[in-house]
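J.: Next comes my_file.pdb, PDB, C-alpha atoms:
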ATOM      1  CA  MET A 158     -68.581 -13.425  48.389  1.00  0.00           C
ATOM      2  CA  PRO A 159     -68.565  -9.929  46.910  1.00  0.00           C
ATOM      3  CA  GLN A 160     -71.507  -9.121  44.716  1.00  0.00           C
ATOM      4  CA  SER A 161     -72.687  -6.317  42.492  1.00  0.00           C
ATOM      5  CA  ARG A 162     -69.258  -5.808  41.059  1.00  0.00           C
ATOM      6  CA  ALA A 163     -68.725  -4.864  37.475  1.00  0.00           C
ATOM      7  CA  VAL A 164     -64.965  -4.881  37.624  1.00  0.00           C
ATOM      8  CA  ARG A 165     -62.445  -6.219  40.074  1.00  0.00           C
ATOM      9  CA  PRO A 166     -59.443  -4.609  41.711  1.00  0.00           C
ATOM     10  CA  LEU A 167     -56.174  -4.729  39.851  1.00  0.00           C
ATOM     11  CA  LEU A 168     -57.170  -7.604  37.660  1.00  0.00           C
ATOM     12  CA  LEU A 169     -54.545  -8.379  35.073  1.00  0.00           C
ATOM     13  CA  LEU A 170     -55.655 -10.324  32.071  1.00  0.00           C
ATOM     14  CA  ALA A 171     -53.385 -11.692  29.430  1.00  0.00           C
ATOM     15  CA  ALA A 172     -56.424 -12.027  27.231  1.00  0.00           C
ATOM     16  CA  LEU A 173     -60.015 -10.921  27.403  1.00  0.00           C
ATOM     17  CA  VAL A 174     -61.450 -13.575  29.631  1.00  0.00           C
ATOM     18  CA  THR A 175     -64.174 -13.534  32.235  1.00  0.00           C
ATOM     19  CA  GLY A 176     -62.831 -13.910  35.732  1.00  0.00           C
ATOM     20  CA  THR A 177     -64.541 -16.013  38.338  1.00  0.00           C
ATOM     21  CA  ILE A 178     -65.020 -14.703  41.844  1.00  0.00           C
ATOM     22  CA  HIS A 179     -63.234 -16.792  44.390  1.00  0.00           C
ATOM     23  CA  ALA A 180     -64.081 -17.285  48.021  1.00  0.00           C
ATOM     24  CA  PRO A 181     -63.357 -14.308  50.266  1.00  0.00           C
ATOM     25  CA  ARG A 182     -59.946 -14.141  51.796  1.00  0.00           C
ATOM     26  CA  ALA A 183     -59.786 -13.493  55.475  1.00  0.00           C
ATOM     27  CA  ARG A 184     -57.544 -10.738  56.785  1.00  0.00           C
ATOM     28  CA  ALA A 185     -56.958  -9.979  60.397  1.00  0.00           C
ATOM     29  CA  ASP A 186     -58.844  -6.962  61.638  1.00  0.00           C
ATOM     30  CA  THR A 187     -58.831  -4.893  64.776  1.00  0.00           C
ATOM     31  CA  ALA A 188     -61.442  -3.027  66.783  1.00  0.00           C
ATOM     32  CA  SER A 189     -60.223   0.230  65.246  1.00  0.00           C
ATOM     33  CA  ASP A 190     -60.965  -0.965  61.703  1.00  0.00           C
ATOM     34  CA  PRO A 191     -63.935   0.445  59.830  1.00  0.00           C
ATOM     35  CA  VAL A 192     -67.110  -1.563  59.549  1.00  0.00           C
ATOM     36  CA  PRO A 193     -68.577  -2.464  56.149  1.00  0.00           C
ATOM     37  CA  VAL A 194     -71.612  -0.784  54.619  1.00  0.00           C
ATOM     38  CA  LEU A 195     -73.250  -4.085  53.808  1.00  0.00           C
ATOM     39  CA  PRO A 196     -73.076  -7.454  55.537  1.00  0.00           C
ATOM     40  CA  GLY A 197     -71.747 -10.592  53.949  1.00  0.00           C
ATOM     41  CA  ALA A 198     -68.686  -9.100  52.251  1.00  0.00           C
ATOM     42  CA  THR A 199     -70.929  -7.346  49.770  1.00  0.00           C
ATOM     43  CA  ILE A 200     -70.350  -4.025  48.063  1.00  0.00           C
ATOM     44  CA  LEU A 201     -72.090  -1.840  45.547  1.00  0.00           C
ATOM     45  CA  SER A 202     -70.749  -0.779  42.177  1.00  0.00           C
ATOM     46  CA  PRO A 203     -72.340   2.529  41.251  1.00  0.00           C
ATOM     47  CA  GLY A 204     -72.369   3.542  37.634  1.00  0.00           C
ATOM     48  CA  PRO A 205     -74.648   4.353  34.722  1.00  0.00           C
ATOM     49  CA  ARG A 206     -77.207   1.653  34.059  1.00  0.00           C
ATOM     50  CA  ALA A 207     -76.632   2.287  30.370  1.00  0.00           C
ATOM     51  CA  LEU A 208     -73.123   0.918  30.846  1.00  0.00           C
ATOM     52  CA  GLY A 209     -74.367  -2.158  32.645  1.00  0.00           C
ATOM     53  CA  PHE A 210     -74.093  -1.066  36.272  1.00  0.00           C
ATOM     54  CA  LYS A 211     -77.284  -2.424  37.721  1.00  0.00           C
ATOM     55  CA  ASP A 212     -76.879  -0.480  40.964  1.00  0.00           C
ATOM     56  CA  GLY A 213     -77.202   2.793  39.043  1.00  0.00           C
ATOM     57  CA  LEU A 214     -75.716   6.106  40.102  1.00  0.00           C
ATOM     58  CA  ALA A 215     -77.660   6.392  43.343  1.00  0.00           C
ATOM     59  CA  ALA A 216     -75.652   3.701  45.098  1.00  0.00           C
ATOM     60  CA  ASP A 217     -73.135   4.170  47.870  1.00  0.00           C
ATOM     61  CA  PRO A 218     -69.586   3.998  46.483  1.00  0.00           C
ATOM     62  CA  SER A 219     -68.180   3.659  49.980  1.00  0.00           C
ATOM     63  CA  THR A 220     -67.278   0.254  51.311  1.00  0.00           C
ATOM     64  CA  ILE A 221     -66.966   1.796  54.793  1.00  0.00           C
ATOM     65  CA  GLY A 222     -70.047   2.142  56.934  1.00  0.00           C
ATOM     66  CA  ASN A 223     -70.631   4.927  59.464  1.00  0.00           C
ATOM     67  CA  PHE A 224     -68.465   7.122  57.263  1.00  0.00           C
ATOM     68  CA  ARG A 225     -68.365  10.830  56.448  1.00  0.00           C
ATOM     69  CA  GLY A 226     -65.853  12.318  54.065  1.00  0.00           C
ATOM     70  CA  LEU A 227     -64.260  12.329  50.647  1.00  0.00           C
ATOM     71  CA  VAL A 228     -64.975   9.501  48.243  1.00  0.00           C
ATOM     72  CA  ALA A 229     -63.422   8.901  44.833  1.00  0.00           C
ATOM     73  CA  LEU A 230     -64.183   5.934  42.613  1.00  0.00           C
ATOM     74  CA  ALA A 231     -62.780   4.975  39.234  1.00  0.00           C
ATOM     75  CA  TYR A 232     -63.184   1.965  37.033  1.00  0.00           C
ATOM     76  CA  MET A 233     -59.832   1.889  35.302  1.00  0.00           C
ATOM     77  CA  ARG A 234     -58.591   0.248  32.174  1.00  0.00           C
ATOM     78  CA  GLY A 235     -55.071   0.286  30.843  1.00  0.00           C
ATOM     79  CA  SER A 236     -52.139  -1.798  29.814  1.00  0.00           C
ATOM     80  CA  VAL A 237     -49.142  -2.896  31.821  1.00  0.00           C
ATOM     81  CA  ARG A 238     -46.048  -4.916  31.048  1.00  0.00           C
ATOM     82  CA  ASP A 239     -44.309  -7.499  33.139  1.00  0.00           C
ATOM     83  CA  SER A 240     -40.552  -7.785  33.458  1.00  0.00           C
ATOM     84  CA  SER A 241     -40.370 -10.061  30.446  1.00  0.00           C
ATOM     85  CA  GLY A 242     -42.067  -7.430  28.312  1.00  0.00           C
ATOM     86  CA  ARG A 243     -45.340  -9.284  28.070  1.00  0.00           C
ATOM     87  CA  ARG A 244     -48.297  -6.962  27.802  1.00  0.00           C
ATOM     88  CA  TRP A 245     -51.280  -7.389  30.106  1.00  0.00           C
ATOM     89  CA  LEU A 246     -54.678  -5.773  30.090  1.00  0.00           C
ATOM     90  CA  MET A 247     -55.373  -4.215  33.477  1.00  0.00           C
ATOM     91  CA  VAL A 248     -58.942  -3.702  34.642  1.00  0.00           C
ATOM     92  CA  ASN A 249     -59.510  -2.358  38.117  1.00  0.00           C
ATOM     93  CA  ASP A 250     -61.947  -0.749  40.469  1.00  0.00           C
ATOM     94  CA  MET A 251     -60.126   1.822  42.577  1.00  0.00           C
ATOM     95  CA  ARG A 252     -61.684   3.850  45.369  1.00  0.00           C
ATOM     96  CA  LEU A 253     -60.428   6.314  47.961  1.00  0.00           C
ATOM     97  CA  PHE A 254     -61.996   7.240  51.256  1.00  0.00           C
ATOM     98  CA  GLN A 255     -60.776   9.922  53.618  1.00  0.00           C
ATOM     99  CA  GLY A 256     -62.684  11.226  56.577  1.00  0.00           C
ATOM    100  CA  ASP A 257     -64.387  10.257  59.789  1.00  0.00           C
ATOM    101  CA  TYR A 258     -65.629   6.795  60.574  1.00  0.00           C
ATOM    102  CA  VAL A 259     -67.041   4.999  63.555  1.00  0.00           C
ATOM    103  CA  ALA A 260     -65.019   1.845  64.053  1.00  0.00           C
ATOM    104  CA  ALA A 261     -66.149  -1.534  65.250  1.00  0.00           C
ATOM    105  CA  ASP A 262     -65.388  -0.467  68.829  1.00  0.00           C
ATOM    106  CA  GLY A 263     -67.817   2.438  68.546  1.00  0.00           C
ATOM    107  CA  ILE A 264     -65.126   5.107  68.651  1.00  0.00           C
ATOM    108  CA  GLN A 265     -65.061   7.836  65.993  1.00  0.00           C
ATOM    109  CA  ARG A 266     -61.754   8.061  64.172  1.00  0.00           C
ATOM    110  CA  GLN A 267     -60.242   9.623  61.080  1.00  0.00           C
ATOM    111  CA  GLY A 268     -58.472   7.750  58.348  1.00  0.00           C
ATOM    112  CA  THR A 269     -57.496   7.371  54.719  1.00  0.00           C
ATOM    113  CA  PHE A 270     -58.302   4.161  52.905  1.00  0.00           C
ATOM    114  CA  ALA A 271     -58.072   2.704  49.436  1.00  0.00           C
ATOM    115  CA  PHE A 272     -60.253   0.053  47.915  1.00  0.00           C
ATOM    116  CA  VAL A 273     -57.751  -2.143  46.104  1.00  0.00           C
TER     117      VAL A 273
ATOM    118  CA  MET B 239     -54.646 -14.091  35.182  1.00  0.00           C
ATOM    119  CA  HIS B 240     -53.595 -12.182  38.279  1.00  0.00           C
ATOM    120  CA  ASP B 241     -56.053 -10.750  40.784  1.00  0.00           C
ATOM    121  CA  PHE B 242     -54.558  -8.325  43.294  1.00  0.00           C
ATOM    122  CA  THR B 243     -56.818  -7.361  46.193  1.00  0.00           C
ATOM    123  CA  GLY B 244     -56.564  -6.023  49.708  1.00  0.00           C
ATOM    124  CA  GLY B 245     -58.295  -9.000  51.288  1.00  0.00           C
ATOM    125  CA  ILE B 246     -61.475  -9.200  53.323  1.00  0.00           C
ATOM    126  CA  THR B 247     -61.613  -8.783  57.081  1.00  0.00           C
ATOM    127  CA  PRO B 248     -63.548 -11.204  59.296  1.00  0.00           C
ATOM    128  CA  ALA B 249     -66.030  -8.355  59.820  1.00  0.00           C
ATOM    129  CA  GLY B 250     -66.658  -8.343  56.067  1.00  0.00           C
ATOM    130  CA  LEU B 251     -64.833  -5.181  55.025  1.00  0.00           C
ATOM    131  CA  VAL B 252     -64.012  -5.864  51.401  1.00  0.00           C
ATOM    132  CA  TRP B 253     -60.664  -5.012  49.815  1.00  0.00           C
ATOM    133  CA  THR B 254     -60.277  -1.815  51.816  1.00  0.00           C
ATOM    134  CA  VAL B 255     -56.820  -1.041  53.137  1.00  0.00           C
ATOM    135  CA  ARG B 256     -55.499   1.806  55.216  1.00  0.00           C
ATOM    136  CA  LEU B 257     -53.192   4.363  53.611  1.00  0.00           C
ATOM    137  CA  PRO B 258     -51.010   6.992  55.258  1.00  0.00           C
ATOM    138  CA  ASP B 259     -52.994  10.231  55.474  1.00  0.00           C
ATOM    139  CA  GLY B 260     -50.303  11.952  53.421  1.00  0.00           C
ATOM    140  CA  ALA B 261     -50.922   9.611  50.503  1.00  0.00           C
ATOM    141  CA  LEU B 262     -53.951  11.638  49.506  1.00  0.00           C
ATOM    142  CA  THR B 263     -53.807  15.303  48.545  1.00  0.00           C
ATOM    143  CA  THR B 264     -56.390  17.735  47.233  1.00  0.00           C
ATOM    144  CA  PRO B 265     -54.450  20.506  45.485  1.00  0.00           C
ATOM    145  CA  ARG B 266     -57.710  22.057  44.265  1.00  0.00           C
ATOM    146  CA  GLY B 267     -61.298  21.589  45.266  1.00  0.00           C
ATOM    147  CA  ASN B 268     -62.039  19.582  42.150  1.00  0.00           C
ATOM    148  CA  VAL B 269     -58.852  17.503  42.148  1.00  0.00           C
ATOM    149  CA  VAL B 270     -57.757  14.651  44.354  1.00  0.00           C
ATOM    150  CA  MET B 271     -54.472  12.814  43.987  1.00  0.00           C
ATOM    151  CA  VAL B 272     -53.219   9.655  45.613  1.00  0.00           C
ATOM    152  CA  ASP B 273     -49.661   8.377  45.731  1.00  0.00           C
ATOM    153  CA  ALA B 274     -49.629   4.975  47.412  1.00  0.00           C
ATOM    154  CA  ARG B 275     -46.462   2.936  47.568  1.00  0.00           C
ATOM    155  CA  ASP B 276     -45.976  -0.740  48.324  1.00  0.00           C
ATOM    156  CA  VAL B 277     -49.468  -1.416  49.591  1.00  0.00           C
ATOM    157  CA  ALA B 278     -49.674  -4.979  50.912  1.00  0.00           C
ATOM    158  CA  VAL B 279     -52.155  -7.093  48.963  1.00  0.00           C
ATOM    159  CA  VAL B 280     -52.527 -10.671  47.822  1.00  0.00           C
ATOM    160  CA  ASP B 281     -52.545 -12.015  44.296  1.00  0.00           C
ATOM    161  CA  ASP B 282     -55.206 -14.649  43.857  1.00  0.00           C
ATOM    162  CA  ARG B 283     -53.704 -16.275  40.820  1.00  0.00           C
ATOM    163  CA  ALA B 284     -55.579 -18.561  38.515  1.00  0.00           C
ATOM    164  CA  ALA B 285     -52.528 -20.554  37.475  1.00  0.00           C
ATOM    165  CA  PRO B 286     -50.808 -21.809  39.413  1.00  0.00           C
ATOM    166  CA  ALA B 287     -53.823 -21.433  41.660  1.00  0.00           C
ATOM    167  CA  GLY B 288     -53.304 -19.890  45.062  1.00  0.00           C
ATOM    168  CA  GLU B 289     -52.678 -16.713  46.957  1.00  0.00           C
ATOM    169  CA  THR B 290     -49.343 -14.985  46.909  1.00  0.00           C
ATOM    170  CA  PRO B 291     -48.383 -11.997  49.067  1.00  0.00           C
ATOM    171  CA  ALA B 292     -47.735  -8.988  46.854  1.00  0.00           C
ATOM    172  CA  THR B 293     -47.446  -5.231  46.895  1.00  0.00           C
ATOM    173  CA  VAL B 294     -48.940  -2.666  44.561  1.00  0.00           C
ATOM    174  CA  SER B 295     -48.215   1.003  44.041  1.00  0.00           C
ATOM    175  CA  PHE B 296     -50.405   3.512  42.284  1.00  0.00           C
ATOM    176  CA  GLN B 297     -50.436   7.191  41.496  1.00  0.00           C
ATOM    177  CA  MET B 298     -53.829   8.468  40.442  1.00  0.00           C
ATOM    178  CA  THR B 299     -55.545  11.769  39.823  1.00  0.00           C
ATOM    179  CA  TRP B 300     -59.285  12.417  39.850  1.00  0.00           C
ATOM    180  CA  LYS B 301     -60.705  15.606  38.344  1.00  0.00           C
ATOM    181  CA  GLY B 302     -64.289  16.733  38.767  1.00  0.00           C
ATOM    182  CA  ARG B 303     -66.167  19.333  36.751  1.00  0.00           C
ATOM    183  CA  GLY B 304     -69.641  20.572  36.053  1.00  0.00           C
ATOM    184  CA  GLY B 305     -70.711  21.427  39.551  1.00  0.00           C
ATOM    185  CA  ARG B 306     -71.998  19.022  42.127  1.00  0.00           C
ATOM    186  CA  ARG B 307     -75.220  17.103  42.340  1.00  0.00           C
ATOM    187  CA  ARG B 308     -76.800  15.293  45.215  1.00  0.00           C
ATOM    188  CA  LEU B 309     -76.916  11.521  45.076  1.00  0.00           C
ATOM    189  CA  ALA B 310     -78.687   9.522  47.730  1.00  0.00           C
ATOM    190  CA  ALA B 311     -80.284   6.186  48.348  1.00  0.00           C
ATOM    191  CA  ALA B 312     -82.439   4.733  51.075  1.00  0.00           C
ATOM    192  CA  SER B 313     -81.006   1.220  51.350  1.00  0.00           C
ATOM    193  CA  PRO B 314     -78.208   1.108  52.136  1.00  0.00           C
ATOM    194  CA  ALA B 315     -78.703   4.711  53.120  1.00  0.00           C
ATOM    195  CA  PHE B 316     -76.208   7.297  51.990  1.00  0.00           C
ATOM    196  CA  ALA B 317     -76.234  10.883  50.767  1.00  0.00           C
ATOM    197  CA  GLY B 318     -73.528  12.811  49.021  1.00  0.00           C
ATOM    198  CA  GLN B 319     -72.544  15.667  46.774  1.00  0.00           C
ATOM    199  CA  PHE B 320     -70.678  14.457  43.703  1.00  0.00           C
ATOM    200  CA  PHE B 321     -69.289  16.248  40.681  1.00  0.00           C
ATOM    201  CA  ARG B 322     -71.547  15.830  37.682  1.00  0.00           C
ATOM    202  CA  HIS B 323     -68.574  14.691  35.640  1.00  0.00           C
ATOM    203  CA  ALA B 324     -65.388  13.082  36.860  1.00  0.00           C
ATOM    204  CA  ARG B 325     -62.503  11.261  35.297  1.00  0.00           C
ATOM    205  CA  ALA B 326     -59.367   9.618  36.577  1.00  0.00           C
ATOM    206  CA  GLN B 327     -56.050   8.481  35.268  1.00  0.00           C
ATOM    207  CA  GLY B 328     -53.023   6.891  36.787  1.00  0.00           C
ATOM    208  CA  THR B 329     -50.090   4.569  36.721  1.00  0.00           C
ATOM    209  CA  PHE B 330     -49.774   1.250  38.482  1.00  0.00           C
ATOM    210  CA  SER B 331     -47.100  -1.225  39.414  1.00  0.00           C
ATOM    211  CA  GLY B 332     -46.905  -4.337  41.492  1.00  0.00           C
ATOM    212  CA  ALA B 333     -44.585  -7.074  42.570  1.00  0.00           C
ATOM    213  CA  GLU B 334     -44.602 -10.515  44.061  1.00  0.00           C
ATOM    214  CA  ALA B 335     -42.200 -13.437  44.071  1.00  0.00           C
ATOM    215  CA  GLY B 336     -41.541 -14.276  40.442  1.00  0.00           C
ATOM    216  CA  PHE B 337     -43.740 -11.624  38.866  1.00  0.00           C
ATOM    217  CA  ASP B 338     -43.931  -7.878  38.600  1.00  0.00           C
ATOM    218  CA  PHE B 339     -45.686  -5.387  36.375  1.00  0.00           C
ATOM    219  CA  ALA B 340     -45.790  -1.683  35.672  1.00  0.00           C
ATOM    220  CA  SER B 341     -47.840   0.629  33.529  1.00  0.00           C
ATOM    221  CA  ALA B 342     -46.640   0.846  29.981  1.00  0.00           C
ATOM    222  CA  MET B 343     -44.398   3.834  29.289  1.00  0.00           C
ATOM    223  CA  ARG B 344     -47.038   5.566  27.180  1.00  0.00           C
ATOM    224  CA  GLY B 345     -50.032   3.900  28.695  1.00  0.00           C
ATOM    225  CA  ARG B 346     -51.581   5.697  31.603  1.00  0.00           C
ATOM    226  CA  ALA B 347     -54.693   3.850  32.659  1.00  0.00           C
ATOM    227  CA  ARG B 348     -57.859   5.886  32.273  1.00  0.00           C
ATOM    228  CA  SER B 349     -61.256   5.637  33.832  1.00  0.00           C
ATOM    229  CA  THR B 350     -64.228   4.258  31.998  1.00  0.00           C
ATOM    230  CA  PHE B 351     -66.361   5.745  34.766  1.00  0.00           C
ATOM    231  CA  ALA B 352     -65.435   7.839  37.778  1.00  0.00           C
ATOM    232  CA  GLU B 353     -67.058   9.561  40.731  1.00  0.00           C
ATOM    233  CA  PHE B 354     -65.641  12.152  43.076  1.00  0.00           C
ATOM    234  CA  GLY B 355     -67.320  13.937  45.943  1.00  0.00           C
ATOM    235  CA  THR B 356     -68.225  13.799  49.590  1.00  0.00           C
ATOM    236  CA  GLU B 357     -70.759  11.635  51.327  1.00  0.00           C
ATOM    237  CA  GLN B 358     -72.016  10.319  54.596  1.00  0.00           C
ATOM    238  CA  ASN B 359     -73.695   7.100  55.575  1.00  0.00           C
ATOM    239  CA  GLY B 360     -74.690   5.070  58.597  1.00  0.00           C
ATOM    240  CA  SER B 361     -74.563   6.868  61.916  1.00  0.00           C
ATOM    241  CA  PHE B 362     -73.388  10.122  60.303  1.00  0.00           C
ATOM    242  CA  LEU B 363     -76.404  10.170  58.025  1.00  0.00           C
ATOM    243  CA  ALA B 364     -78.702   9.552  60.974  1.00  0.00           C
ATOM    244  CA  ALA B 365     -77.006  12.338  62.900  1.00  0.00           C
ATOM    245  CA  ALA B 366     -77.389  14.731  59.963  1.00  0.00           C
ATOM    246  CA  GLY B 367     -81.090  13.929  59.824  1.00  0.00           C
ATOM    247  CA  GLN B 368     -81.402  15.120  63.404  1.00  0.00           C
ATOM    248  CA  CYS B 369     -79.415  18.259  62.633  1.00  0.00           C
ATOM    249  CA  PRO B 370     -80.588  19.895  59.359  1.00  0.00           C
ATOM    250  CA  ARG B 371     -77.682  22.334  59.329  1.00  0.00           C
ATOM    251  CA  CYS B 372     -75.292  19.341  59.334  1.00  0.00           C
ATOM    252  CA  ARG B 373     -76.981  17.635  56.394  1.00  0.00           C
ATOM    253  CA  ALA B 374     -74.555  18.580  53.637  1.00  0.00           C
ATOM    254  CA  PRO B 375     -71.504  16.305  53.823  1.00  0.00           C
TER     255      PRO B 375
END
How would this structure read if it were set down as structure tokens?
T.:
Amino acid sequence: MPQSRAVRPLLLLAALVTGTIHAPRARADTASDPVPVLPGATILSPGPRALGFKDGLAADPSTIGNFRGLVALAYMRGSVRDSSGRRWLMVNDMRLFQGDYVAADGIQRQGTFAFV
Amino acid sequence: MHDFTGGITPAGLVWTVRLPDGALTTPRGNVVMVDARDVAVVDDRAAPAGETPATVSFQMTWKGRGGRRRLAAASPAFAGQFFRHARAQGTFSGAEAGFDFASAMRGRARSTFAEFGTEQNGSFLAAAGQCPRCRAP
């Protein structure tokens, strides 16, 4: 179960409610996929402690282990509308990774990834 | 409530999905843009409870300023050079059976906190430690 998360990806809330974290969903992977930084489906959420991010700024924003390259992270907040015109609050944690990584098979590759 | 995520692999890679390399551009050294279309995700809905296949699209821009600073940690080990100040904004949309959404016409989402830089971890960090000239990511 993911931990250390202040916000969740593309979470749409019709009202300000606290979301619960559900059990991890399995997705097929291949030997060429990246490996995680931390075991146990855990990630870090870097950010200022003053804003409630207990990991602080000196925490790896990458979810990909054995990685070297560009990283961009943003905790986003905005509003969206559905097709009926209903307004939703959107809160999301978006990250980009582009560069070299050593995959599960031990081979170094290049790739572009998004944390969604 | 809707909860769109990229899923978790059996190896434990959390919500991290591959994008086409062309989805990301860096028009300037302090700017990175992403234009991702129809990324396959799942919506873990609260009601009715269950997972629904979905797609999301997003166009985002990060801008860094103020020079770069080194950030590092020992466990898990990483080291990087990140802009002292960064911000991001973007538009989002998504669709699944029976539901879709898009950013409001005048409502670009904005970051409450952002980071932008380069880093290395794991085996690349260990390799850099053995090669001082390679240390900067």
J.: Would you tabulate, counting all atoms listed in the file, all residues of chain B that have an atom at most 7 Å from an atom of chain A, showing the closest pair of atoms and their distance in Å to one decimal, sorted by chain then ascending number, as a Markdown table?
T.:
| residue | atom | partner | partner_atom | distance |
| --- | --- | --- | --- | --- |
| B:Met239 | CA | A:Leu170 | CA | 5.0 |
| B:His240 | CA | A:Leu169 | CA | 5.1 |
| B:Asp241 | CA | A:Leu168 | CA | 4.6 |
| B:Phe242 | CA | A:Leu167 | CA | 5.2 |
| B:Thr243 | CA | A:Val273 | CA | 5.3 |
| B:Gly244 | CA | A:Val273 | CA | 5.4 |
| B:Gly245 | CA | A:Arg182 | CA | 5.4 |
| B:Ile246 | CA | A:Ala183 | CA | 5.1 |
| B:Thr247 | CA | A:Arg184 | CA | 4.5 |
| B:Pro248 | CA | A:Ala183 | CA | 5.8 |
| B:Ala249 | CA | A:Val192 | CA | 6.9 |
| B:Gly250 | CA | A:Ala198 | CA | 4.4 |
| B:Leu251 | CA | A:Pro193 | CA | 4.8 |
| B:Val252 | CA | A:Ala198 | CA | 5.7 |
| B:Trp253 | CA | A:Phe272 | CA | 5.4 |
| B:Thr254 | CA | A:Phe272 | CA | 4.3 |
| B:Val255 | CA | A:Ala271 | CA | 5.4 |
| B:Arg256 | CA | A:Phe270 | CA | 4.3 |
| B:Leu257 | CA | A:Phe270 | CA | 5.2 |
| B:Pro258 | CA | A:Thr269 | CA | 6.5 |
| B:Asp259 | CA | A:Thr269 | CA | 5.4 |
| B:Leu309 | CA | A:Ala215 | CA | 5.5 |
| B:Ala310 | CA | A:Ala215 | CA | 5.5 |
| B:Ala311 | CA | A:Ala215 | CA | 5.7 |
| B:Phe316 | CA | A:Asp217 | CA | 6.0 |
| B:Ala326 | CA | A:Ala231 | CA | 6.3 |
| B:Asp338 | CA | A:Asp239 | CA | 5.5 |
| B:Phe339 | CA | A:Asp239 | CA | 4.1 |
| B:Ala340 | CA | A:Val237 | CA | 5.2 |
| B:Ser341 | CA | A:Val237 | CA | 4.1 |
| B:Ala342 | CA | A:Val237 | CA | 4.9 |
| B:Gly345 | CA | A:Ser236 | CA | 6.2 |
| B:Arg346 | CA | A:Gly235 | CA | 6.5 |
| B:Ala347 | CA | A:Gly235 | CA | 4.0 |
| B:Arg348 | CA | A:Met233 | CA | 5.4 |
| B:Ser349 | CA | A:Met233 | CA | 4.3 |
| B:Thr350 | CA | A:Tyr232 | CA | 5.6 |
| B:Phe351 | CA | A:Tyr232 | CA | 5.4 |
| B:Ala352 | CA | A:Ala231 | CA | 4.2 |
| B:Glu353 | CA | A:Leu230 | CA | 5.0 |
| B:Phe354 | CA | A:Ala229 | CA | 4.3 |
| B:Gly355 | CA | A:Val228 | CA | 5.5 |
| B:Thr356 | CA | A:Leu227 | CA | 4.4 |
| B:Glu357 | CA | A:Gly226 | CA | 5.7 |
| B:Gln358 | CA | A:Arg225 | CA | 4.1 |
| B:Asn359 | CA | A:Asn223 | CA | 5.4 |
| B:Gly360 | CA | A:Asn223 | CA | 4.2 |
| B:Ser361 | CA | A:Asn223 | CA | 5.0 |
| B:Phe362 | CA | A:Asn223 | CA | 5.9 |
| B:Pro375 | CA | A:Arg225 | CA | 6.8 |
J.: Mind giving me the straight-line distance from atom CA of B:Ala335 to atom CA of B:Ala285 in Å, one decimal?
T.: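 That distance, rounded to one decimal, is 14.2 Å.
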J.: Mind telling me what the PyMOL selection byres ((chain B and resi 299) around 10) catches here, as a ChimeraX atom specification?
T.: /A:229,231 /B:262-264,269-273,297-298,300-301,325-329,348
J.: As lines of an AutoDock Vina configuration file, please report the centre and edge lengths, rounded to one decimal in Å, of the axis-aligned box that holds all listed atoms of stretch 247-258 of chain A with 6 Å of padding on each of the six sides.
T.:
center_x = -60.5
center_y = 3.5
center_z = 47.0
size_x = 22.3
size_y = 27.4
size_z = 39.1
J.: If the PyMOL selection byres ((chain B and resi 289-295) around 9) is run on the structure shown, which residues does it catch, given as number ranges by chain?
T.: A: 167, 273; B: 242, 273-283, 287-288, 296-297, 329-335
J.: Create the file for the chosen residues now, containing C-alpha atoms and written as a PDB file, keeping the file's coordinate frame.
T.:
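Once written, result-v6.pdb looks like this:
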ATOM      1  CA  LEU A 167     -56.174  -4.729  39.851  1.00  0.00           C
ATOM      2  CA  VAL A 273     -57.751  -2.143  46.104  1.00  0.00           C
TER       3      VAL A 273
ATOM      4  CA  PHE B 242     -54.558  -8.325  43.294  1.00  0.00           C
ATOM      5  CA  ASP B 273     -49.661   8.377  45.731  1.00  0.00           C
ATOM      6  CA  ALA B 274     -49.629   4.975  47.412  1.00  0.00           C
ATOM      7  CA  ARG B 275     -46.462   2.936  47.568  1.00  0.00           C
ATOM      8  CA  ASP B 276     -45.976  -0.740  48.324  1.00  0.00           C
ATOM      9  CA  VAL B 277     -49.468  -1.416  49.591  1.00  0.00           C
ATOM     10  CA  ALA B 278     -49.674  -4.979  50.912  1.00  0.00           C
ATOM     11  CA  VAL B 279     -52.155  -7.093  48.963  1.00  0.00           C
ATOM     12  CA  VAL B 280     -52.527 -10.671  47.822  1.00  0.00           C
ATOM     13  CA  ASP B 281     -52.545 -12.015  44.296  1.00  0.00           C
ATOM     14  CA  ASP B 282     -55.206 -14.649  43.857  1.00  0.00           C
ATOM     15  CA  ARG B 283     -53.704 -16.275  40.820  1.00  0.00           C
ATOM     16  CA  ALA B 287     -53.823 -21.433  41.660  1.00  0.00           C
ATOM     17  CA  GLY B 288     -53.304 -19.890  45.062  1.00  0.00           C
ATOM     18  CA  PHE B 296     -50.405   3.512  42.284  1.00  0.00           C
ATOM     19  CA  GLN B 297     -50.436   7.191  41.496  1.00  0.00           C
ATOM     20  CA  THR B 329     -50.090   4.569  36.721  1.00  0.00           C
ATOM     21  CA  PHE B 330     -49.774   1.250  38.482  1.00  0.00           C
ATOM     22  CA  SER B 331     -47.100  -1.225  39.414  1.00  0.00           C
ATOM     23  CA  GLY B 332     -46.905  -4.337  41.492  1.00  0.00           C
ATOM     24  CA  ALA B 333     -44.585  -7.074  42.570  1.00  0.00           C
ATOM     25  CA  GLU B 334     -44.602 -10.515  44.061  1.00  0.00           C
ATOM     26  CA  ALA B 335     -42.200 -13.437  44.071  1.00  0.00           C
TER      27      ALA B 335
END
J.: Could you tell me how far atom CA of B:Arg308 sits from atom CA of B:Arg322, in Å to one decimal place?
T.: 9.2 Å
J.: State, in Å with one decimal place, the distance from atom CA of B:Phe320 to atom CA of B:Arg306.
T.: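 One can read the atom CA of B:Phe320 to atom CA of B:Arg306 distance as 5.0 Å.
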J.: Taking the block just given, write stretch 223-228 of chain A to a file that holds C-alpha atoms, as an mmCIF file, in the first residue's frame.
T.:
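Result written to selection31.cif:
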data_model
loop_
_atom_site.group_PDB
_atom_site.id
_atom_site.type_symbol
_atom_site.label_atom_id
_atom_site.label_comp_id
_atom_site.auth_asym_id
_atom_site.auth_seq_id
_atom_site.Cartn_x
_atom_site.Cartn_y
_atom_site.Cartn_z
ATOM 1 C CA ASN A 223 18.435 2.868 -10.751
ATOM 2 C CA PHE A 224 17.490 6.043 -12.589
ATOM 3 C CA ARG A 225 19.415 9.013 -13.970
ATOM 4 C CA GLY A 226 17.724 11.899 -15.705
ATOM 5 C CA LEU A 227 15.116 14.622 -15.645
ATOM 6 C CA VAL A 228 12.539 14.681 -12.880
#
